[in-house]
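A.B. asks: Structure supplied as query.cif; contents: mmCIF, C-alpha atoms.
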data_query
loop_
_atom_site.label_atom_id
_atom_site.label_comp_id
_atom_site.auth_asym_id
_atom_site.auth_seq_id
_atom_site.Cartn_x
_atom_site.Cartn_y
_atom_site.Cartn_z
CA MET A 457 95.14 110.27 86.15
CA THR A 458 96.86 113.55 85.42
CA PRO A 459 96.56 115.74 88.47
CA LEU A 460 94.38 118.83 88.15
CA GLU A 461 96.23 122.01 87.30
CA PRO A 462 95.53 124.84 89.73
CA SER A 463 94.11 126.91 86.87
CA GLU A 464 91.60 124.14 86.13
CA ALA A 465 90.06 124.15 89.60
CA PRO A 466 86.25 124.07 89.58
CA GLU A 467 84.37 127.30 90.16
CA PRO A 468 83.60 127.86 93.83
CA SER A 469 80.01 128.19 94.91
CA SER A 470 78.60 131.71 94.74
CA GLY A 471 78.30 131.96 98.50
CA GLN A 472 81.91 131.09 99.15
CA PRO A 473 83.74 133.84 101.00
CA ARG A 474 86.28 135.89 99.06
CA ARG A 475 89.05 134.86 101.44
CA TRP A 476 88.79 131.32 100.17
CA LEU A 477 89.28 132.44 96.60
CA LEU A 478 92.41 134.18 97.80
CA HIS A 479 93.42 131.14 99.81
CA THR A 480 92.93 128.90 96.78
CA ALA A 481 94.93 131.22 94.57
CA VAL A 482 97.78 131.33 97.06
CA VAL A 483 97.80 127.56 97.51
CA GLY A 484 97.61 127.06 93.75
CA GLY A 485 100.52 129.42 93.23
CA LEU A 486 102.65 127.70 95.82
CA ILE A 487 101.88 124.31 94.33
CA ALA A 488 102.69 125.52 90.82
CA LEU A 489 105.97 126.91 92.12
CA ALA A 490 106.76 123.66 93.94
CA CYS A 491 106.00 121.61 90.86
CA SER A 492 107.82 123.81 88.36
CA SER A 493 111.18 122.12 88.86
CA HIS A 494 109.85 118.59 88.39
CA LYS A 495 109.06 116.86 85.14
CA HIS A 496 106.60 114.61 86.98
CA ARG A 497 104.69 115.36 90.12
CA THR A 498 105.41 113.22 93.10
CA LEU A 499 102.77 111.66 95.30
CA GLU A 500 103.61 114.26 97.89
CA GLU A 501 103.03 117.15 95.49
CA VAL A 502 99.73 115.79 94.25
CA ALA A 503 98.63 115.10 97.81
CA LEU A 504 99.28 118.67 98.87
CA GLU A 505 97.27 119.84 95.89
CA SER A 506 94.41 117.60 96.99
CA SER A 507 94.58 119.10 100.41
CA GLY A 508 93.84 122.51 98.88
CA ARG A 509 90.84 121.11 97.03
CA PHE A 510 89.54 119.44 100.16
CA SER A 511 89.67 122.79 101.88
CA GLU A 512 87.51 124.30 99.13
CA VAL A 513 84.86 121.61 99.45
CA LEU A 514 84.86 121.89 103.21
CA GLN A 515 84.19 125.61 103.04
CA GLY A 516 81.35 125.07 100.58
CA VAL A 517 79.57 122.89 103.12
CA VAL A 518 79.74 125.39 105.97
CA ASP A 519 77.41 128.34 105.29
CA ASP A 520 77.94 130.32 108.46
CA PRO A 521 80.87 132.76 107.96
CA GLU A 522 82.02 132.59 111.56
CA ARG A 523 82.09 128.82 111.66
CA SER A 524 83.56 128.76 108.20
CA ALA A 525 86.47 130.85 109.46
CA ALA A 526 86.91 128.56 112.47
CA VAL A 527 86.93 125.46 110.27
CA GLY A 528 89.32 127.15 107.87
CA ALA A 529 91.74 127.93 110.69
CA VAL A 530 91.73 124.32 111.87
CA PHE A 531 92.27 123.04 108.36
CA ALA A 532 95.07 125.53 107.73
CA THR A 533 96.87 124.18 110.78
CA TYR A 534 96.40 120.66 109.49
CA GLN A 535 97.79 121.63 106.09
CA GLU A 536 100.87 123.14 107.71
CA GLU A 537 101.39 119.94 109.70
CA GLN A 538 101.00 118.00 106.49
CA ARG A 539 103.65 120.09 104.75
CA ARG A 540 106.10 119.59 107.60
CA PHE A 541 105.41 115.87 107.59
CA ALA A 542 105.93 115.73 103.82
CA ALA A 543 109.30 117.45 104.14
CA ASP A 544 110.44 115.17 106.95
CA MET A 545 109.23 112.06 105.17
CA ALA A 546 110.97 113.06 101.96
CA GLU A 547 114.21 113.19 103.91
CA LEU A 548 113.55 109.86 105.62
CA LYS A 549 112.55 108.24 102.34
CA ALA A 550 115.73 109.44 100.69
CA THR A 551 117.75 107.91 103.53
CA ALA A 552 115.78 104.67 103.33
CA LEU A 553 116.19 104.48 99.57
CA ALA A 554 119.93 105.07 99.76
CA SER A 555 120.21 102.31 102.36
CA TYR A 556 118.08 99.98 100.28
CA GLU A 557 120.32 100.50 97.28
CA ALA A 558 123.58 100.18 99.21
CA TYR A 559 125.00 96.64 99.15
CA ASP A 560 126.46 96.74 102.66
CA THR A 561 123.58 98.19 104.67
CA THR A 562 123.20 96.23 107.89
CA ASP A 563 120.03 95.03 109.63
CA GLU A 564 120.80 97.41 112.48
CA GLU A 565 120.81 100.34 110.07
CA PHE A 566 117.45 99.29 108.65
CA ASP A 567 116.10 98.94 112.20
CA ASP A 568 117.23 102.47 112.93
CA ILE A 569 115.45 103.82 109.85
CA GLU A 570 112.32 101.88 110.77
CA GLY A 571 112.37 103.43 114.24
CA ARG A 572 112.69 106.93 112.83
CA LEU A 573 109.83 106.33 110.40
CA ARG A 574 107.60 105.02 113.17
CA SER A 575 108.40 107.95 115.41
CA ARG A 576 107.56 110.51 112.73
CA ARG A 577 104.39 108.71 111.68
CA GLU A 578 103.20 108.51 115.27
CA ALA A 579 103.87 112.19 115.82
CA PHE A 580 101.83 113.04 112.76
CA ARG A 581 99.11 110.61 113.86
CA ASP A 582 98.77 112.56 117.09
CA GLU A 583 98.64 115.85 115.22
CA ILE A 584 95.97 114.86 112.73
CA ALA A 585 93.87 112.85 115.17
CA GLY A 586 93.67 115.96 117.32
CA GLY A 587 93.07 118.14 114.26
CA ILE A 588 90.20 116.00 113.01
CA ALA A 589 88.63 116.04 116.47
CA GLU A 590 88.92 119.82 116.50
CA LEU A 591 87.43 120.03 113.02
CA LEU A 592 84.50 117.85 114.04
CA GLY A 593 83.95 120.15 117.01
CA ALA A 594 83.63 123.13 114.69
CA LEU A 595 81.23 121.39 112.29
CA GLU A 596 77.51 120.81 112.68
CA PRO A 597 76.39 117.17 112.81
CA GLY A 598 76.50 115.68 109.33
CA GLU A 599 78.69 118.37 107.77
CA TRP A 600 81.83 116.29 108.02
CA THR A 601 80.18 113.27 106.45
CA GLU A 602 78.73 115.55 103.77
CA THR A 603 82.18 116.99 103.11
CA VAL A 604 83.70 113.57 102.66
CA GLY A 605 80.86 112.55 100.36
CA LEU A 606 81.17 115.70 98.25
CA MET A 607 84.90 115.25 97.96
CA LEU A 608 84.48 111.71 96.72
CA GLU A 609 81.98 112.96 94.12
CA GLU A 610 84.40 115.69 93.12
CA GLU A 611 87.17 113.17 92.71
CA ALA A 612 85.02 110.96 90.56
CA ARG A 613 84.19 113.90 88.26
CA TRP A 614 87.82 114.92 87.91
CA LYS A 615 88.93 111.37 87.32
CA GLU A 616 86.32 111.01 84.58
CA ALA A 617 87.33 114.35 83.03
CA LYS A 618 90.97 113.34 82.91
CA GLN A 619 90.53 109.88 81.45
CA MET B 513 115.51 104.04 91.18
CA ASP B 514 113.52 106.75 92.86
CA GLN B 515 110.30 106.27 94.73
CA ARG B 516 109.62 110.02 94.55
CA SER B 517 109.39 109.84 90.79
CA HIS B 518 106.30 107.67 91.04
CA THR B 519 103.41 109.79 89.77
CA GLY B 520 99.68 109.52 90.29
CA GLY B 521 99.12 106.79 87.75
CA SER B 522 96.02 104.74 88.47
CA THR B 523 95.20 106.32 91.79
CA THR B 524 93.07 109.35 92.47
CA SER B 525 94.55 112.36 94.11
CA PHE B 526 92.10 112.07 96.99
CA HIS B 527 93.69 108.80 97.90
CA GLN B 528 97.11 110.25 97.44
CA ILE B 529 96.45 112.78 100.14
CA LEU B 530 96.30 109.85 102.50
CA ILE B 531 99.41 108.29 101.08
CA ILE B 532 101.29 111.36 102.18
CA ILE B 533 99.60 111.25 105.56
CA PHE B 534 101.13 107.90 106.31
CA GLY B 535 104.27 108.33 104.27
CA SER B 536 104.31 105.04 102.47
CA LEU B 537 107.61 103.79 101.17
CA PHE B 538 107.86 102.37 97.70
CA PHE B 539 111.40 101.53 96.84
CA ALA B 540 110.95 100.87 93.13
CA GLY B 541 110.30 103.87 90.92
CA GLY B 542 107.35 104.07 88.53
CA ASP B 543 109.36 105.44 85.63
CA ALA B 544 112.39 103.20 85.98
CA LYS B 545 113.08 100.11 83.91
CA PRO B 546 111.73 97.04 85.71
CA LEU B 547 114.19 95.74 88.26
CA ALA B 548 114.06 92.27 86.72
CA ASP B 549 115.29 93.68 83.40
CA ARG B 550 118.14 95.51 85.06
CA VAL B 551 119.17 92.39 86.96
CA LYS B 552 119.05 90.35 83.77
CA ASP B 553 121.42 92.83 82.14
CA ALA B 554 123.80 92.75 85.09
CA VAL B 555 124.15 89.00 85.73
CA SER B 556 125.76 86.92 83.02
CA ASP B 557 125.94 83.56 84.83
CA GLY B 558 122.96 81.63 83.42
CA ASP B 559 121.93 79.59 86.45
CA ARG B 560 122.44 82.39 88.94
CA SER B 561 120.85 84.89 86.57
CA ALA B 562 117.57 82.95 86.57
CA LYS B 563 117.39 83.01 90.37
CA ALA B 564 118.36 86.68 90.54
CA VAL B 565 115.83 87.69 87.90
CA ALA B 566 113.13 85.75 89.75
CA ALA B 567 114.00 87.57 92.97
CA ALA B 568 113.89 90.91 91.18
CA ALA B 569 110.60 90.05 89.49
CA ALA B 570 109.15 89.32 92.92
CA ILE B 571 110.12 92.85 93.98
CA ASP B 572 108.52 94.34 90.86
CA GLN B 573 105.33 92.41 91.44
CA ALA B 574 105.17 93.20 95.15
CA ARG B 575 105.49 96.89 94.47
CA GLY B 576 102.28 96.97 92.43
CA GLU B 577 100.47 94.92 95.05
CA ASP B 578 101.77 97.16 97.82
CA ILE B 579 100.42 100.29 96.18
CA ASP B 580 97.01 98.69 95.72
CA ALA B 581 97.01 97.63 99.36
CA VAL B 582 97.92 101.08 100.63
CA ILE B 583 95.17 102.67 98.56
CA ALA B 584 92.68 100.18 99.99
CA TRP B 585 93.77 100.98 103.55
CA HIS B 586 93.35 104.66 102.85
CA GLU B 587 89.88 104.15 101.43
CA GLU B 588 88.94 102.23 104.51
CA PHE B 589 90.43 104.94 106.68
CA PHE B 590 88.37 107.59 105.00
CA LYS B 591 85.19 105.58 105.36
CA VAL B 592 85.90 105.32 109.06
CA ILE B 593 86.70 108.99 109.65
CA GLY B 594 83.80 110.09 107.42
CA GLY B 595 81.35 108.16 109.57
CA PRO B 596 78.89 109.81 111.93
CA ASP B 597 80.34 108.48 115.18
CA VAL B 598 84.00 109.26 114.64
CA ASP B 599 86.06 110.80 117.42
CA GLU B 600 89.74 111.31 118.20
CA ALA B 601 90.14 107.82 119.67
CA VAL B 602 88.68 106.19 116.57
CA VAL B 603 90.97 108.17 114.28
CA HIS B 604 93.98 107.45 116.49
CA ALA B 605 93.28 103.71 116.56
CA LYS B 606 92.69 103.52 112.83
CA ILE B 607 95.96 105.30 112.08
CA ASP B 608 97.79 102.95 114.47
CA GLU B 609 96.38 100.04 112.53
CA ILE B 610 97.63 101.53 109.25
CA ILE B 611 101.08 102.28 110.67
CA GLU B 612 101.36 98.60 111.62
CA GLN B 613 100.28 97.56 108.13
CA LEU B 614 102.82 99.90 106.56
CA GLU B 615 105.61 98.51 108.72
CA GLU B 616 104.70 94.97 107.77
CA LEU B 617 104.73 95.99 104.12
CA GLU B 618 108.17 97.56 104.53
CA ARG B 619 109.48 94.47 106.30
CA GLN B 620 108.31 92.40 103.34
CA GLN B 621 110.04 94.79 100.96
CA LEU B 622 113.29 94.39 102.89
CA SER B 623 112.89 90.61 102.96
CA LEU B 624 112.60 90.59 99.17
CA ARG B 625 115.67 92.81 99.01
CA SER B 626 117.58 90.22 101.05
CA ASP B 627 116.51 87.49 98.63
CA LEU B 628 117.86 89.51 95.72
CA ARG B 629 121.05 90.46 97.52
CA ALA B 630 121.80 86.78 98.17
CA GLN B 631 121.92 86.21 94.42
CA LEU B 632 124.19 89.13 93.47
CA ASP B 633 127.78 90.02 94.19
CA ALA B 634 128.73 93.59 95.08
CA SER B 635 129.67 94.63 91.57
CA GLU B 636 126.43 93.27 90.09
CA TRP B 637 124.45 94.99 92.81
CA SER B 638 126.15 98.28 91.97
CA GLU B 639 125.43 97.82 88.30
CA VAL B 640 121.74 97.37 89.06
CA PHE B 641 121.34 100.23 91.51
CA ASP B 642 123.91 102.87 90.54
#
Let me see the file written as structure tokens.

C.D. replies:
Amino acid sequence: MTPLEPSEAPEPSSGQPRRWLLHTAVVGGLIALACSSHKHRTLEEVALESSGRFSEVLQGVVDDPERSAAVGAVFATYQEEQRRFAADMAELKATALASYEAYDTTDEEFDDIEGRLRSRREAFRDEIAGGIAELLGALEPGEWTETVGLMLEEEARWKEAKQ
Amino acid sequence: MDQRSHTGGSTTSFHQILIIIFGSLFFAGGDAKPLADRVKDAVSDGDRSAKAVAAAAAIDQARGEDIDAVIAWHEEFFKVIGGPDVDEAVVHAKIDEIIEQLEELERQQLSLRSDLRAQLDASEWSEVFD
């Protein structure tokens, strides 16, 4: 599937606050900038783009402006954590790949890399587990499940459109 | 070989968001020539070449299976966190489970690397990976 270009993003619902249009535009611009130097998008780049789309769907589910802002703030924090994790993992992956390709890499060196990967993954696990709990606290019962369901439907539509 | 050059391919971007969450490692690149072909080019000794190519082919095959497995774990993860009774402990435990699965996958990748390394000398290894 070719990832969705920012300019091809679906129209937001009419009740969606203006700030989310701005947010989407900013995220889209940053993604376009990040992708401009690559012939192909990496998993990390596409994932960050998806994160922006998830945010849009989430906001469409929450009608109340005050709660919408609260949910948006939680999700923005999560996205920032995700970006930091992506940067750290890119560095760790580059190290792991170089070690994998080097003939003389020792088992001890691989163990060290494994330990660093585990440590970073666990730190991110703690961040997002807390973030999801916070998000659930800001949502009415059923909104989270509805968000996930809508996002899956959205994905199916985009996948079909891009085939 | 560059795992960062692997693009979306057969997966949906919604699943890819979760791939970044857990930072899966895929050592073989999606755009690169299959490892088995590169090994075949690098090893001229007929008997040893067959063993080396088989080891490389195992890495190529495992990579595709690994990606499918990771996507399946992510789907399962999302079903769990999209459920009505999810809380921080559930999310935490599910991520722990996936971290363990990822580590096992990476250990298998390194085991296959060892199998290939046993069939190649240093200069052949460099020819394949440089």

A.B. asks: Convert the output of the PyMOL selection byres ((chain B and resi 570) around 12) on the shown file into explicit residues, formatted as number ranges by chain.

C.D. replies: B: 540, 546-548, 563-569, 571-578, 620-628

A.B. asks: Can you turn the PyMOL selection byres ((chain A and resi 536) around 12) into a concrete residue list for this file, as a list in words?

C.D. replies: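 Here the PyMOL selection byres ((chain A and resi 536) around 12) matches Val483, Leu504, Ser507, Gly508, Ala529, Val530, Phe531, Ala532, Thr533, Tyr534, Gln535, Glu537, Gln538, Arg539, Arg540, Phe541, Ala542, Ala543, Phe580, Glu583, Ile584 and Gly587 of chain A.
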
A.B. asks: So how many Å separate atom CA of A:Asp582 and atom CA of B:Glu600, to one decimal?

C.D. replies: 9.2 Å

A.B. asks: Where does the PyMOL selection byres ((chain B and resi 593) around 9) land in this file, that is, which residues does it pick, as a PyMOL selection string?

C.D. replies: (chain A and resi 588+600-601+604) or (chain B and resi 588-592+594-599+602-603+606)

A.B. asks: Quick one: of A:Leu548, A:Ala585, A:Ala558, A:Leu514, who's nearest to A:Ala526, counting all atoms listed in the file?

C.D. replies: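 For A:Ala526, the nearest of the candidates is A:Leu514.
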
A.B. asks: Taking into account only C-alpha atoms, which residue in the set A:Leu573, A:Val527, A:Val513, A:Ala589 is nearest to chain B?

C.D. replies: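 Among the listed residues, A:Ala589 lies closest to chain B.
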
A.B. asks: Calculate how many Å separate atom CA of A:Phe566 from atom CA of B:Ala634, rounding to one decimal.

C.D. replies: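 Rounded to one decimal, the two atoms are 18.5 Å apart.
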
A.B. asks: Calculated over all atoms listed in the file, which of the candidates B:Lys545, B:His604, B:Arg619, B:Ala584 has the smallest distance to chain A?

C.D. replies: B:His604
